[in-house]
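Data from query.cif: mmCIF, N, CA and C atoms
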```cif
data_entry
#
loop_
_atom_site.label_atom_id
_atom_site.label_comp_id
_atom_site.auth_asym_id
_atom_site.auth_seq_id
_atom_site.Cartn_x
_atom_site.Cartn_y
_atom_site.Cartn_z
N MET M 1 -7.03 -15.35 -37.34
CA MET M 1 -7.14 -14.18 -36.47
C MET M 1 -7.44 -14.61 -35.02
N ASP M 2 -6.64 -15.49 -34.52
CA ASP M 2 -6.84 -15.95 -33.15
C ASP M 2 -6.20 -15.04 -32.12
N THR M 3 -5.10 -14.42 -32.45
CA THR M 3 -4.36 -13.61 -31.48
C THR M 3 -4.34 -12.15 -31.88
N ILE M 4 -4.05 -11.32 -30.90
CA ILE M 4 -3.89 -9.88 -31.16
C ILE M 4 -2.41 -9.62 -31.39
N GLY M 5 -2.10 -9.08 -32.53
CA GLY M 5 -0.71 -8.81 -32.89
C GLY M 5 -0.34 -7.35 -32.64
N VAL M 6 0.85 -7.00 -33.06
CA VAL M 6 1.36 -5.64 -32.88
C VAL M 6 0.52 -4.61 -33.63
N PRO M 7 0.12 -4.86 -34.87
CA PRO M 7 -0.70 -3.85 -35.56
C PRO M 7 -2.02 -3.57 -34.84
N GLU M 8 -2.65 -4.61 -34.32
CA GLU M 8 -3.90 -4.41 -33.60
C GLU M 8 -3.69 -3.61 -32.32
N LEU M 9 -2.62 -3.90 -31.59
CA LEU M 9 -2.31 -3.16 -30.36
C LEU M 9 -2.02 -1.69 -30.66
N LEU M 10 -1.32 -1.41 -31.77
CA LEU M 10 -1.05 -0.03 -32.15
C LEU M 10 -2.34 0.71 -32.51
N LEU M 11 -3.25 0.02 -33.18
CA LEU M 11 -4.53 0.62 -33.53
C LEU M 11 -5.33 0.96 -32.27
N ILE M 12 -5.33 0.04 -31.30
CA ILE M 12 -6.03 0.29 -30.03
C ILE M 12 -5.40 1.48 -29.31
N LEU M 13 -4.07 1.55 -29.30
CA LEU M 13 -3.36 2.66 -28.66
C LEU M 13 -3.71 3.99 -29.30
N VAL M 14 -3.77 4.04 -30.61
CA VAL M 14 -4.12 5.28 -31.31
C VAL M 14 -5.55 5.70 -30.98
N ILE M 15 -6.47 4.76 -30.93
CA ILE M 15 -7.86 5.08 -30.61
C ILE M 15 -7.97 5.62 -29.19
N VAL M 16 -7.26 4.99 -28.25
CA VAL M 16 -7.28 5.45 -26.86
C VAL M 16 -6.69 6.85 -26.75
N LEU M 17 -5.60 7.12 -27.46
CA LEU M 17 -4.99 8.46 -27.46
C LEU M 17 -5.94 9.51 -28.02
N LEU M 18 -6.67 9.16 -29.07
CA LEU M 18 -7.62 10.10 -29.65
C LEU M 18 -8.79 10.36 -28.71
N LEU M 19 -9.23 9.35 -27.99
CA LEU M 19 -10.37 9.51 -27.10
C LEU M 19 -10.02 10.31 -25.84
N PHE M 20 -8.91 9.97 -25.22
CA PHE M 20 -8.58 10.56 -23.93
C PHE M 20 -7.55 11.67 -23.97
N GLY M 21 -6.64 11.63 -24.91
CA GLY M 21 -5.58 12.63 -24.97
C GLY M 21 -4.40 12.22 -24.10
N VAL M 22 -3.24 12.79 -24.37
CA VAL M 22 -2.01 12.40 -23.69
C VAL M 22 -2.04 12.80 -22.22
N GLY M 23 -2.48 13.99 -21.90
CA GLY M 23 -2.48 14.46 -20.52
C GLY M 23 -3.38 13.65 -19.62
N ARG M 24 -4.54 13.33 -20.12
CA ARG M 24 -5.51 12.57 -19.32
C ARG M 24 -5.04 11.13 -19.11
N ILE M 25 -4.38 10.55 -20.09
CA ILE M 25 -3.85 9.20 -19.94
C ILE M 25 -2.74 9.19 -18.90
N GLY M 26 -1.93 10.24 -18.85
CA GLY M 26 -0.89 10.34 -17.82
C GLY M 26 -1.49 10.39 -16.42
N LYS M 27 -2.57 11.15 -16.27
CA LYS M 27 -3.25 11.22 -14.96
C LYS M 27 -3.84 9.87 -14.58
N ILE M 28 -4.45 9.20 -15.55
CA ILE M 28 -5.03 7.88 -15.28
C ILE M 28 -3.95 6.90 -14.87
N GLY M 29 -2.82 6.94 -15.55
CA GLY M 29 -1.71 6.05 -15.19
C GLY M 29 -1.16 6.33 -13.80
N GLY M 30 -1.06 7.62 -13.45
CA GLY M 30 -0.59 7.99 -12.11
C GLY M 30 -1.54 7.53 -11.03
N GLU M 31 -2.83 7.71 -11.25
CA GLU M 31 -3.83 7.27 -10.28
C GLU M 31 -3.85 5.74 -10.16
N LEU M 32 -3.67 5.07 -11.28
CA LEU M 32 -3.62 3.62 -11.26
C LEU M 32 -2.41 3.14 -10.46
N GLY M 33 -1.28 3.80 -10.64
CA GLY M 33 -0.07 3.45 -9.88
C GLY M 33 -0.25 3.68 -8.39
N LYS M 34 -0.88 4.80 -8.01
CA LYS M 34 -1.15 5.08 -6.59
C LYS M 34 -2.08 4.03 -6.00
N GLY M 35 -3.07 3.62 -6.77
CA GLY M 35 -4.01 2.62 -6.31
C GLY M 35 -3.33 1.27 -6.08
N ILE M 36 -2.46 0.89 -7.00
CA ILE M 36 -1.73 -0.37 -6.86
C ILE M 36 -0.81 -0.32 -5.65
N LYS M 37 -0.14 0.82 -5.43
CA LYS M 37 0.75 0.97 -4.28
C LYS M 37 -0.03 0.89 -2.98
N ALA M 38 -1.18 1.53 -2.93
CA ALA M 38 -2.01 1.48 -1.72
C ALA M 38 -2.50 0.06 -1.47
N PHE M 39 -2.84 -0.66 -2.52
CA PHE M 39 -3.28 -2.04 -2.37
C PHE M 39 -2.17 -2.92 -1.82
N ARG M 40 -0.96 -2.75 -2.36
CA ARG M 40 0.18 -3.54 -1.87
C ARG M 40 0.50 -3.21 -0.42
N ASP M 41 0.45 -1.93 -0.08
CA ASP M 41 0.69 -1.53 1.32
C ASP M 41 -0.37 -2.12 2.23
N GLY M 42 -1.59 -2.18 1.75
CA GLY M 42 -2.66 -2.77 2.55
C GLY M 42 -2.45 -4.26 2.77
N LEU M 43 -1.91 -4.94 1.77
CA LEU M 43 -1.62 -6.36 1.94
C LEU M 43 -0.49 -6.59 2.93
N LYS M 44 0.50 -5.70 2.92
CA LYS M 44 1.63 -5.83 3.84
C LYS M 44 1.24 -5.43 5.25
N GLY M 45 0.24 -4.59 5.39
CA GLY M 45 -0.16 -4.10 6.70
C GLY M 45 0.59 -2.85 7.10
N ASP M 46 1.18 -2.15 6.14
CA ASP M 46 1.93 -0.93 6.42
C ASP M 46 1.07 0.31 6.24
N GLU M 47 -0.19 0.23 6.61
CA GLU M 47 -1.08 1.36 6.44
C GLU M 47 -0.75 2.45 7.45
N PRO M 48 -0.84 3.71 7.07
CA PRO M 48 -0.55 4.79 8.02
C PRO M 48 -1.47 4.80 9.22
N GLU M 49 -2.70 4.28 9.09
CA GLU M 49 -3.63 4.29 10.21
C GLU M 49 -3.17 3.38 11.35
N GLN M 50 -2.35 2.40 11.04
CA GLN M 50 -1.90 1.47 12.06
C GLN M 50 -0.77 2.04 12.91
N LYS M 51 -0.01 2.98 12.41
CA LYS M 51 1.13 3.51 13.15
C LYS M 51 0.71 4.25 14.42
N PRO M 52 -0.32 5.09 14.42
CA PRO M 52 -0.73 5.70 15.69
C PRO M 52 -1.19 4.65 16.70
N ALA M 53 -1.80 3.60 16.24
CA ALA M 53 -2.23 2.54 17.16
C ALA M 53 -1.02 1.84 17.76
N GLN M 54 0.02 1.67 16.99
CA GLN M 54 1.24 1.06 17.50
C GLN M 54 1.88 1.97 18.54
N ASN M 55 1.86 3.28 18.29
CA ASN M 55 2.41 4.22 19.26
C ASN M 55 1.62 4.17 20.56
N LEU M 56 0.31 4.02 20.46
CA LEU M 56 -0.53 3.94 21.64
C LEU M 56 -0.20 2.69 22.45
N VAL M 57 0.01 1.58 21.77
CA VAL M 57 0.36 0.34 22.46
C VAL M 57 1.70 0.51 23.17
N GLU M 58 2.66 1.17 22.53
CA GLU M 58 3.96 1.39 23.16
C GLU M 58 3.83 2.27 24.40
N LYS M 59 2.98 3.30 24.32
CA LYS M 59 2.79 4.18 25.47
C LYS M 59 2.15 3.43 26.63
N VAL M 60 1.18 2.57 26.31
CA VAL M 60 0.49 1.82 27.37
C VAL M 60 1.46 0.84 28.03
N THR M 61 2.27 0.18 27.23
CA THR M 61 3.21 -0.78 27.82
C THR M 61 4.28 -0.07 28.63
N GLU M 62 4.70 1.13 28.22
CA GLU M 62 5.67 1.89 28.99
C GLU M 62 5.07 2.34 30.32
N SER M 63 3.82 2.76 30.31
CA SER M 63 3.19 3.21 31.55
C SER M 63 2.87 2.04 32.47
N ALA M 64 2.74 0.83 31.93
CA ALA M 64 2.44 -0.34 32.75
C ALA M 64 3.69 -0.89 33.42
N GLN M 65 4.88 -0.50 32.93
CA GLN M 65 6.12 -0.98 33.53
C GLN M 65 6.32 -0.30 34.88
N PRO M 66 6.88 -1.02 35.84
CA PRO M 66 7.10 -0.42 37.16
C PRO M 66 8.14 0.69 37.09
N SER M 67 7.95 1.68 37.93
CA SER M 67 8.90 2.79 37.95
C SER M 67 10.13 2.38 38.75
N GLY M 68 11.11 3.24 38.80
CA GLY M 68 12.36 2.94 39.47
C GLY M 68 12.24 2.87 40.98
N ASP M 69 11.14 3.36 41.58
CA ASP M 69 10.96 3.37 43.02
C ASP M 69 10.66 1.98 43.57
N HIS M 70 10.02 1.16 42.79
CA HIS M 70 9.58 -0.15 43.25
C HIS M 70 10.55 -1.21 42.74
N ALA M 71 10.66 -2.28 43.47
CA ALA M 71 11.51 -3.39 43.04
C ALA M 71 10.81 -4.15 41.91
N SER M 72 11.57 -4.58 40.95
CA SER M 72 10.99 -5.34 39.87
C SER M 72 10.78 -6.76 40.32
N VAL M 73 10.14 -7.55 39.50
CA VAL M 73 9.82 -8.94 39.84
C VAL M 73 11.10 -9.73 40.06
N GLY M 74 12.10 -9.51 39.24
CA GLY M 74 13.36 -10.21 39.39
C GLY M 74 14.06 -9.85 40.68
N GLU M 75 14.03 -8.59 41.04
CA GLU M 75 14.67 -8.14 42.29
C GLU M 75 13.92 -8.66 43.49
N ALA M 76 12.60 -8.74 43.41
CA ALA M 76 11.79 -9.22 44.54
C ALA M 76 12.07 -10.70 44.78
N SER M 77 12.25 -11.49 43.72
CA SER M 77 12.52 -12.90 43.92
C SER M 77 13.92 -13.13 44.46
N GLN M 78 14.86 -12.22 44.18
CA GLN M 78 16.21 -12.34 44.70
C GLN M 78 16.28 -11.98 46.18
N MET M 79 15.36 -11.16 46.67
CA MET M 79 15.34 -10.73 48.06
C MET M 79 14.92 -11.86 48.99
N LYS M 80 14.16 -12.81 48.50
CA LYS M 80 13.65 -13.91 49.34
C LYS M 80 14.69 -14.89 49.69
#
```

Please go through the file and, once you have read it, give me the structure as structure tokens.
Amino acid sequence: MDTIGVPELLLILVIVLLLFGVGRIGKIGGELGKGIKAFRDGLKGDEPEQKPAQNLVEKVTESAQPSGDHASVGEASQMK
């Protein structure tokens, strides 16, 4: 009896079904899937909280660029 075989796994499955019921196990599985997805997204860095920060960085860099009224650095060096 070193390993767990198919009969033992079926017995465990039946006990879990009796304890929790089919509906509750479905909810647990769904929540577990959402948790795993959130964990993977966190590892990738694709968290929704980062997107507004990226938009802010884009806005700041756009506002830091010179407007059309002033000569850009490249145009200023060509004028000399």

- Here atom N of Ile25 in chain M and CA of Ile12 in chain M stand apart by 14.4 Å

- Query: In Å, with one decimal, what is the gap from atom N of Glu31 in chain M to atom C of Leu19 in chain M?
  - Reply: 16.5 Å

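CA of Leu18 in chain M lies 18.4 Å from CA of Val6 in chain M.
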